[in-house]
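Source file: coords21.tsv. Holds: TSV, C-alpha atoms.
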chain	number	residue	atom	x	y	z
A	243	MET	CA	190.78	115.19	263.48
A	244	SER	CA	188.77	114.08	260.47
A	245	PHE	CA	189.63	112.71	257.07
A	246	ARG	CA	188.94	115.10	254.23
A	247	GLU	CA	187.27	114.01	251.03
A	248	PRO	CA	190.07	113.29	248.47
A	249	HIS	CA	190.47	116.06	245.94
A	250	GLU	CA	188.98	115.32	242.53
A	251	LEU	CA	192.47	115.60	241.02
A	252	HIS	CA	193.77	112.80	243.25
A	253	LYS	CA	190.85	110.59	242.33
A	254	ARG	CA	191.56	111.10	238.63
A	255	ARG	CA	195.25	110.37	239.01
A	256	PHE	CA	194.84	107.42	241.35
A	257	SER	CA	195.52	104.74	238.71
A	258	ARG	CA	198.62	106.52	237.47
A	259	ASN	CA	200.00	107.02	240.97
A	260	LEU	CA	199.18	103.46	242.02
A	261	GLY	CA	200.83	102.09	238.85
A	262	LEU	CA	203.94	104.19	239.36
A	263	GLY	CA	204.13	103.13	243.01
A	264	LEU	CA	203.94	99.45	242.06
A	265	VAL	CA	206.58	99.90	239.35
A	266	LEU	CA	208.93	101.60	241.82
A	267	ALA	CA	208.33	98.90	244.45
A	268	GLY	CA	209.06	96.27	241.79
A	269	PHE	CA	212.25	98.07	240.81
A	270	VAL	CA	213.45	98.17	244.42
A	271	ALA	CA	212.77	94.42	244.73
A	272	LEU	CA	214.61	93.77	241.45
A	273	VAL	CA	217.70	95.76	242.49
A	274	PHE	CA	217.70	93.90	245.81
A	275	GLY	CA	217.45	90.57	243.97
A	276	LEU	CA	220.22	91.58	241.57
A	277	THR	CA	222.44	92.53	244.48
A	278	ILE	CA	221.92	89.17	246.14
A	279	ALA	CA	222.54	87.37	242.82
A	280	LYS	CA	225.74	89.34	242.17
A	281	VAL	CA	227.31	89.01	245.61
A	282	SER	CA	226.47	85.32	245.85
A	283	ASP	CA	228.12	84.68	242.47
A	284	ASP	CA	231.32	82.60	242.62
A	285	ASP	CA	233.19	85.22	240.60
A	286	PHE	CA	232.35	88.03	243.01
A	287	SER	CA	235.26	89.57	244.88
A	288	VAL	CA	235.60	92.74	246.94
A	289	PRO	CA	237.60	95.38	244.99
A	290	ALA	CA	241.20	95.67	246.24
A	291	GLU	CA	241.03	99.33	247.32
A	292	VAL	CA	237.91	98.69	249.42
A	293	GLY	CA	239.53	95.63	250.96
A	294	GLY	CA	242.72	97.62	251.66
A	295	ALA	CA	240.83	100.39	253.42
A	296	GLN	CA	239.32	97.99	255.91
B	243	MET	CA	196.23	129.26	238.36
B	244	SER	CA	195.78	126.01	240.21
B	245	ASP	CA	197.99	122.97	239.76
B	246	ALA	CA	195.15	121.20	237.99
B	247	SER	CA	194.51	123.92	235.44
B	248	LEU	CA	198.23	124.41	234.81
B	249	HIS	CA	198.66	120.70	234.12
B	250	ALA	CA	195.56	120.53	231.98
B	251	SER	CA	196.80	123.39	229.81
B	252	GLU	CA	200.02	121.50	229.14
B	253	THR	CA	198.54	118.09	228.33
B	254	GLY	CA	195.23	118.98	226.84
B	255	THR	CA	193.29	116.87	229.33
B	256	GLY	CA	195.64	116.22	232.23
B	257	ASP	CA	194.04	112.79	232.47
B	258	ALA	CA	196.76	110.55	231.07
B	259	GLY	CA	196.50	107.33	233.01
B	260	PHE	CA	199.00	104.55	233.59
B	261	ARG	CA	197.70	102.66	230.56
B	262	ASP	CA	198.32	105.69	228.30
B	263	TYR	CA	201.98	105.72	229.25
B	264	PHE	CA	202.10	101.95	228.80
B	265	ALA	CA	200.58	102.35	225.31
B	266	LEU	CA	203.49	104.68	224.44
B	267	LEU	CA	205.79	101.66	224.82
B	268	LYS	CA	204.09	99.82	221.90
B	269	PRO	CA	203.34	96.68	223.95
B	270	ARG	CA	202.64	94.46	220.93
B	271	VAL	CA	206.04	95.20	219.41
B	272	MET	CA	207.53	94.71	222.86
B	273	SER	CA	206.17	91.14	223.01
B	274	LEU	CA	208.27	90.21	219.95
B	275	VAL	CA	211.29	91.93	221.51
B	276	VAL	CA	210.84	90.00	224.77
B	277	PHE	CA	210.42	86.63	223.08
B	278	THR	CA	213.36	86.90	220.66
B	279	ALA	CA	215.65	88.39	223.32
B	280	LEU	CA	214.71	85.56	225.68
B	281	VAL	CA	215.56	82.95	223.04
B	282	GLY	CA	218.87	84.72	222.33
B	283	LEU	CA	219.66	84.66	226.05
B	284	LEU	CA	218.70	81.00	226.52
B	285	ALA	CA	220.48	79.79	223.37
B	286	ALA	CA	223.77	81.50	224.27
B	287	PRO	CA	226.60	79.32	225.56
B	288	GLY	CA	227.04	79.72	229.31
B	289	SER	CA	224.45	80.82	231.81
B	290	VAL	CA	223.41	83.69	234.01
B	291	HIS	CA	221.63	83.78	237.36
B	292	PRO	CA	217.84	83.63	236.78
B	293	ILE	CA	217.36	87.06	238.38
B	294	VAL	CA	220.07	88.54	236.13
B	295	GLY	CA	218.39	86.89	233.13
B	296	PHE	CA	215.00	88.26	234.15
B	297	ALA	CA	216.47	91.73	234.64
B	298	ALA	CA	218.21	91.56	231.25
B	299	ILE	CA	214.96	90.72	229.44
B	300	LEU	CA	213.08	93.39	231.39
B	301	PHE	CA	215.60	96.13	230.56
B	302	ILE	CA	215.76	95.07	226.89
B	303	ALA	CA	211.93	95.31	226.84
B	304	VAL	CA	212.03	98.75	228.51
B	305	GLY	CA	214.65	99.88	225.97
B	306	GLY	CA	212.37	98.65	223.16
B	307	GLY	CA	209.48	100.52	224.79
B	308	ALA	CA	211.57	103.69	225.02
B	309	SER	CA	212.21	103.43	221.26
B	310	GLY	CA	208.44	103.16	220.75
B	311	ALA	CA	207.76	106.26	222.86
B	312	LEU	CA	210.43	108.27	221.00
B	313	ASN	CA	209.02	107.04	217.67
B	314	MET	CA	205.55	108.26	218.71
B	315	TRP	CA	207.04	111.62	219.72
B	316	TRP	CA	208.77	112.06	216.36
B	317	ASP	CA	205.87	110.74	214.25
B	318	ALA	CA	203.10	112.57	216.15
B	319	ASP	CA	202.33	114.70	213.06
B	320	ILE	CA	201.72	111.72	210.75
B	321	ASP	CA	200.05	109.66	213.49
B	322	ARG	CA	197.32	112.32	213.55
B	323	ILE	CA	196.75	111.86	209.81
B	324	MET	CA	196.70	108.05	209.52
B	325	LYS	CA	193.58	106.20	210.67
B	326	ARG	CA	195.62	103.25	212.01
B	327	THR	CA	197.53	105.49	214.44
B	328	GLN	CA	194.91	108.06	215.41
B	329	GLY	CA	194.09	106.13	218.59
B	330	ARG	CA	197.60	106.52	220.00
B	331	PRO	CA	198.00	108.59	223.19
B	332	ILE	CA	199.47	111.71	221.51
B	333	PRO	CA	196.90	112.05	218.68
B	334	MET	CA	194.18	111.37	221.28
B	335	GLY	CA	195.43	114.34	223.31
B	336	LYS	CA	196.13	112.25	226.40
B	337	ILE	CA	199.88	112.86	226.40
B	338	THR	CA	201.79	115.80	224.88
B	339	GLU	CA	204.69	115.36	222.48
B	340	GLY	CA	207.02	116.84	225.11
B	341	GLU	CA	205.89	114.36	227.73
B	342	ALA	CA	206.39	111.44	225.32
B	343	TYR	CA	209.88	112.73	224.48
B	344	ALA	CA	210.86	113.08	228.15
B	345	PHE	CA	209.38	109.69	228.98
B	346	GLY	CA	211.21	108.02	226.07
B	347	ILE	CA	214.58	109.65	226.76
B	348	ALA	CA	214.36	108.85	230.50
B	349	LEU	CA	213.46	105.19	229.86
B	350	ALA	CA	216.14	104.86	227.17
B	351	GLY	CA	218.88	106.10	229.51
B	352	PHE	CA	217.52	104.05	232.39
B	353	SER	CA	217.30	100.79	230.41
B	354	VAL	CA	220.78	101.13	228.88
B	355	VAL	CA	222.47	101.92	232.20
B	356	MET	CA	220.59	99.20	234.08
B	357	LEU	CA	221.26	96.54	231.41
B	358	GLY	CA	224.95	97.48	231.43
B	359	LEU	CA	225.08	97.20	235.23
B	360	ALA	CA	223.01	94.02	235.46
B	361	THR	CA	224.86	92.14	232.71
B	362	ASN	CA	227.79	93.72	230.89
B	363	LEU	CA	228.73	96.97	229.19
B	364	PHE	CA	228.66	95.46	225.69
B	365	ALA	CA	225.02	94.42	226.07
B	366	GLY	CA	224.17	97.92	227.34
B	367	ALA	CA	226.01	99.52	224.40
B	368	LEU	CA	224.20	97.25	221.93
B	369	LEU	CA	220.84	98.25	223.42
B	370	ALA	CA	221.84	101.94	223.15
B	371	PHE	CA	222.74	101.41	219.49
B	372	THR	CA	219.41	99.65	218.86
B	373	ILE	CA	217.46	102.57	220.32
B	374	PHE	CA	219.58	105.02	218.29
B	375	PHE	CA	219.02	102.97	215.13
B	376	TYR	CA	215.24	102.78	215.54
B	377	VAL	CA	214.74	106.40	216.54
B	378	VAL	CA	217.37	108.27	214.49
B	379	VAL	CA	218.18	106.02	211.52
B	380	TYR	CA	214.69	104.59	210.95
B	381	SER	CA	212.16	107.08	212.35
B	382	MET	CA	213.95	110.37	211.69
B	383	TRP	CA	215.88	109.56	208.54
B	384	LEU	CA	214.69	106.58	206.47
B	385	LYS	CA	210.96	106.31	207.15
B	386	ARG	CA	210.04	109.45	205.25
B	387	SER	CA	212.81	109.40	202.65
B	388	THR	CA	212.98	105.98	200.99
B	389	PRO	CA	210.66	103.08	200.13
B	390	GLN	CA	213.42	100.80	201.45
B	391	ASN	CA	212.63	102.25	204.92
B	392	ILE	CA	211.42	99.02	206.46
B	393	VAL	CA	214.23	96.97	204.92
B	394	ILE	CA	216.98	98.90	206.69
B	395	GLY	CA	214.76	99.93	209.60
B	396	GLY	CA	213.92	96.28	210.17
B	397	ALA	CA	217.39	95.92	211.63
B	398	ALA	CA	216.19	97.67	214.78
B	399	GLY	CA	213.70	94.87	215.41
B	400	ALA	CA	216.38	92.28	214.69
B	401	PHE	CA	218.80	93.31	217.43
B	402	PRO	CA	216.99	91.91	220.54
B	403	PRO	CA	218.22	88.28	220.20
B	404	MET	CA	221.75	89.63	219.73
B	405	ILE	CA	221.37	91.68	222.92
B	406	GLY	CA	220.01	88.67	224.81
B	407	TRP	CA	222.99	86.63	223.57
B	408	ALA	CA	225.42	89.42	224.50
B	409	ALA	CA	223.90	89.63	228.00
B	410	VAL	CA	225.29	86.12	228.61
B	411	THR	CA	228.48	86.06	226.54
B	412	GLY	CA	229.47	89.72	226.40
B	413	ASP	CA	230.16	89.50	222.67
B	414	VAL	CA	228.80	88.79	219.19
B	415	SER	CA	229.12	85.45	217.41
B	416	LEU	CA	228.03	83.83	214.15
B	417	GLU	CA	224.93	82.38	215.82
B	418	SER	CA	223.74	85.71	217.19
B	419	ILE	CA	224.38	87.37	213.81
B	420	LEU	CA	222.31	84.64	212.12
B	421	MET	CA	219.42	85.24	214.55
B	422	PHE	CA	219.68	88.94	213.70
B	423	ALA	CA	219.72	88.13	209.97
B	424	LEU	CA	216.66	85.88	210.31
B	425	ILE	CA	214.50	88.74	211.63
B	426	PHE	CA	216.14	91.27	209.29
B	427	MET	CA	215.31	89.24	206.17
B	428	TRP	CA	211.87	88.24	207.46
B	429	THR	CA	210.68	91.81	208.10
B	430	PRO	CA	210.27	92.98	204.45
B	431	PRO	CA	208.08	90.08	203.17
B	432	HIS	CA	206.09	90.17	206.42
B	433	PHE	CA	205.44	93.90	206.19
B	434	TRP	CA	204.86	94.08	202.45
B	435	ALA	CA	202.30	91.24	202.61
B	436	LEU	CA	200.44	93.44	205.09
B	437	ALA	CA	200.90	96.53	202.90
B	438	LEU	CA	199.24	94.75	199.96
B	439	PHE	CA	195.91	94.22	201.71
B	440	MET	CA	195.92	97.13	204.17
B	441	LYS	CA	194.85	100.06	202.03
B	442	SER	CA	196.80	102.41	204.24
B	443	ASP	CA	196.85	106.18	204.10
B	444	TYR	CA	200.64	106.41	204.08
B	445	HIS	CA	200.50	108.54	200.94
B	446	LYS	CA	198.37	111.13	202.76
B	447	ALA	CA	201.06	111.26	205.44
B	448	ASP	CA	203.77	111.51	202.76
B	449	VAL	CA	205.47	108.27	203.82
B	450	PRO	CA	207.00	106.52	200.78
B	451	MET	CA	205.84	102.92	200.98
B	452	LEU	CA	206.91	100.48	198.27
B	453	THR	CA	203.31	99.77	197.26
B	454	VAL	CA	202.84	103.48	196.50
B	455	THR	CA	206.23	104.44	195.04
B	456	HIS	CA	206.92	101.34	192.92
B	457	GLY	CA	203.48	99.80	192.60
B	458	ARG	CA	201.94	96.60	193.82
B	459	ARG	CA	203.47	94.41	191.06
B	460	ALA	CA	206.98	95.42	192.22
B	461	THR	CA	205.99	94.78	195.84
B	462	ARG	CA	204.92	91.23	194.95
B	463	THR	CA	208.28	90.64	193.26
B	464	HIS	CA	210.13	92.06	196.28
B	465	ILE	CA	208.24	89.66	198.60
B	466	LEU	CA	209.30	86.67	196.48
B	467	VAL	CA	212.96	87.78	196.25
B	468	TYR	CA	213.30	88.34	200.01
B	469	THR	CA	211.57	85.04	200.80
B	470	VAL	CA	213.95	83.18	198.45
B	471	LEU	CA	216.93	84.83	200.18
B	472	LEU	CA	215.47	84.17	203.64
B	473	ALA	CA	215.02	80.40	203.17
B	474	PRO	CA	218.70	79.30	202.97
B	475	LEU	CA	219.54	81.60	205.87
B	476	ALA	CA	216.79	80.19	208.10
B	477	ILE	CA	217.67	76.60	207.17
B	478	GLY	CA	221.42	77.31	207.52
B	479	ILE	CA	220.93	78.14	211.22
B	480	GLY	CA	220.07	74.47	211.62
B	481	PHE	CA	223.73	73.55	210.98
B	482	THR	CA	225.20	75.86	213.64
B	483	SER	CA	225.62	75.24	217.36
B	484	ILE	CA	222.11	76.56	218.11
B	485	GLY	CA	220.56	74.29	215.48
B	486	GLY	CA	219.98	70.59	215.23
B	487	PRO	CA	217.67	68.05	213.59
B	488	PHE	CA	214.53	69.34	215.32
B	489	TYR	CA	215.14	72.96	214.33
B	490	LEU	CA	216.08	71.87	210.82
B	491	ALA	CA	212.85	69.93	210.36
B	492	VAL	CA	210.77	72.92	211.55
B	493	ALA	CA	212.74	75.33	209.34
B	494	VAL	CA	212.43	73.16	206.21
B	495	VAL	CA	208.64	72.81	206.58
B	496	LEU	CA	208.04	76.50	207.38
B	497	ASN	CA	210.29	77.78	204.60
B	498	ALA	CA	208.62	75.49	202.08
B	499	LEU	CA	205.24	76.91	203.14
B	500	PHE	CA	206.51	80.50	203.13
B	501	LEU	CA	208.09	80.08	199.68
B	502	LYS	CA	204.85	78.61	198.35
B	503	GLY	CA	202.95	81.58	199.80
B	504	ALA	CA	205.38	84.10	198.29
B	505	TRP	CA	205.13	82.32	194.93
B	506	ASP	CA	201.32	82.45	195.09
B	507	ILE	CA	201.46	86.17	195.88
B	508	TRP	CA	203.84	86.80	192.97
B	509	ARG	CA	201.68	84.89	190.48
B	510	ARG	CA	198.55	86.92	191.27
B	511	ASP	CA	197.62	90.30	189.91
B	512	GLU	CA	195.57	93.00	191.58
B	513	ALA	CA	192.31	92.08	189.86
B	514	VAL	CA	192.44	88.50	191.13
B	515	ALA	CA	193.55	89.61	194.60
B	516	GLU	CA	190.76	92.16	194.88
B	517	ALA	CA	188.21	89.63	193.69
B	518	ASP	CA	188.88	87.36	196.65
B	519	SER	CA	189.60	90.17	199.14
B	520	TYR	CA	193.36	89.46	199.26
B	521	ARG	CA	192.83	85.97	200.64
B	522	ILE	CA	196.34	84.73	199.78
B	523	GLU	CA	198.07	87.91	201.00
B	524	LYS	CA	196.25	87.69	204.34
B	525	LYS	CA	197.10	84.00	204.62
B	526	VAL	CA	200.80	84.67	203.98
B	527	PHE	CA	200.82	87.51	206.50
B	528	ARG	CA	199.39	85.21	209.18
B	529	LEU	CA	201.88	82.53	208.16
B	530	SER	CA	204.75	85.04	208.49
B	531	LEU	CA	203.82	85.63	212.15
B	532	ILE	CA	203.80	81.90	212.84
B	533	TYR	CA	207.01	81.55	210.80
B	534	LEU	CA	209.07	83.84	213.05
B	535	PHE	CA	207.55	82.63	216.30
B	536	ALA	CA	208.07	78.97	215.35
B	537	HIS	CA	211.70	79.49	214.27
B	538	PHE	CA	212.62	81.07	217.60
B	539	ALA	CA	210.55	78.54	219.54
B	540	ALA	CA	212.43	75.80	217.64
B	541	ILE	CA	215.80	77.36	218.54
B	542	TRP	CA	214.68	77.36	222.17
B	543	ALA	CA	213.44	73.76	222.00
B	544	GLN	CA	216.62	72.65	220.22
B	545	THR	CA	218.72	74.33	222.92
B	546	MET	CA	216.89	72.35	225.59
B	547	LEU	CA	217.28	69.13	223.58
B	548	ASN	CA	221.01	69.81	223.10
B	549	GLU	CA	221.47	70.47	226.83
B	550	ALA	CA	219.70	67.22	227.62
B	551	GLY	CA	222.01	65.43	225.20
B	552	LEU	CA	219.15	64.66	222.83
B	553	GLY	CA	219.22	65.56	219.19
B	554	GLY	CA	222.14	67.94	218.77
B	555	TRP	CA	224.75	67.61	216.05
B	556	GLY	CA	227.15	66.38	218.73

Output the structure of this file as structure tokens.
Amino acid sequence: MSFREPHELHKRRFSRNLGLGLVLAGFVALVFGLTIAKVSDDDFSVPAEVGGAQ
Amino acid sequence: MSDASLHASETGTGDAGFRDYFALLKPRVMSLVVFTALVGLLAAPGSVHPIVGFAAILFIAVGGGASGALNMWWDADIDRIMKRTQGRPIPMGKITEGEAYAFGIALAGFSVVMLGLATNLFAGALLAFTIFFYVVVYSMWLKRSTPQNIVIGGAAGAFPPMIGWAAVTGDVSLESILMFALIFMWTPPHFWALALFMKSDYHKADVPMLTVTHGRRATRTHILVYTVLLAPLAIGIGFTSIGGPFYLAVAVVLNALFLKGAWDIWRRDEAVAEADSYRIEKKVFRLSLIYLFAHFAAIWAQTMLNEAGLGGWG
């Protein structure tokens, strides 16, 4: 098995794809951080219907 | 037809990079949005978790960027005509109008929903209204129909501190309205000072600017009137809960300087201004940038002083 030379199209779009990848990774980290911040807040409580189903 | 040729036929070049999409967000305008929204958030009574605060500012900035992208989509025809805007991604052929529209709509929806989820629904709704105001009321309706376009359209740039405030409190208060009013009243003299020395090609693009429709004498008078109205408003903030002696001192000095500048502009005529290459107009424009930055920085500093028990009105 050998690595093929990247297509010219992929070379041209590398910066855009890399940028988008980093933005998405940042967004995932932000949502994770928000989740931690929200559930560790003193005001946070499990909704009644979810609690009742358990 | 290959994927590459299909894409190229749609975009013109198919080579739009990350920075082209970023340019659609009008990053320089975004910096003002970020700063004023941050001050609104920090000055508000109460507090939010730092990550929630960071997310709020980020989504307000993305919402502001979405407005910029939708503005570039709508104004693509005049952006191709005016020298100042010919370097934007759509006139350059890097991004198509359709792509800019899709990008703007997607980011607008994303930022509103995420701000609503991260903070509260009111803040999300206020951001949605801001985007609507900038894109529909300013760009689509007022910009090409009245020389008062930037007066009313300036409201769109004035909302961010209100949104930052609402992200913490979930409502509107006198203080957040005053921060809105400060930017709203500052925008016309700031922009018209620029319009006096930037010989723009707005008339070629059929955009009615005050300097063209009512003349430069009337524009000078408008600058003075708005600056006179702005001063008591800016100083009045000093007597509210977000003000204090420090803010008041900064506001008094800056408004005295700004009033002096507006007076100097009003006293001059075109012959004198042209003779010294609009020296006073350029000076007042630079001062207007410092004016807004310093007022919001002073609100921020005063907030910190108040929290530390130093220098508030008690």

May I ask you to extract the residues of chain A within 8 Å of chain B, using only C-alpha atoms, and to give them as a compact mmCIF listing (two decimals) with C-alpha atoms, in the frame of the given file?
# COMPACT_ATOMS: atom_id res chain seq x y z
CA LEU A 251 192.47 115.60 241.02
CA ARG A 254 191.56 111.10 238.63
CA ARG A 255 195.25 110.37 239.01
CA SER A 257 195.52 104.74 238.71
CA ARG A 258 198.62 106.52 237.47
CA ASN A 259 200.00 107.02 240.97
CA GLY A 261 200.83 102.09 238.85
CA LEU A 262 203.94 104.19 239.36
CA LEU A 272 214.61 93.77 241.45
CA GLY A 275 217.45 90.57 243.97
CA LEU A 276 220.22 91.58 241.57
CA ALA A 279 222.54 87.37 242.82

Within 12 Å of (220.0, 94.4, 230.9) in the file's own coordinates, which protein, DNA or RNA residues have an atom, counting all atoms listed in the file? List them as a VMD selection string. (chain A and resid 272 to 273 276) or (chain B and resid 276 279 to 280 283 290 293 to 306 350 to 370 402 405 to 410 412)

With all atoms listed in the file as the counted atoms, please give the residues lying no more than 12 Å from B:Ile532, apart from itself and same-chain residues fewer than 3 positions off, as a ChimeraX atom specification. /B:274,428,432,492-493,496-497,499-500,525-529,535-540

One decimal, Å: what's the distance from atom CA of B:Lys524 over to atom CA of B:Ile392, could you say? 19.1 Å

Go ahead and fit an axis-aligned box to every listed atom of stretch 541-552 of chain B plus 4 Å each side, and pass me the centre and edge lengths in Å, one decimal, as JSON.
{"center_x": 217.7, "center_y": 71.0, "center_z": 223.1, "size_x": 16.6, "size_y": 20.7, "size_z": 17.1}

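The coordinates place atom CA of B:Gln328 at 17.7 Å from atom CA of B:Glu341.
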
I need the residue nearest B:Gly478 from this list: B:Leu436, B:Leu266, B:Ile347, B:Leu416. Use all atoms listed in the file for the distance.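 Closest candidate: B:Leu416.
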
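Atom pair atom CA of B:Arg458 / atom CA of B:Thr327 has a distance of 22.9 Å (rounded to one decimal).
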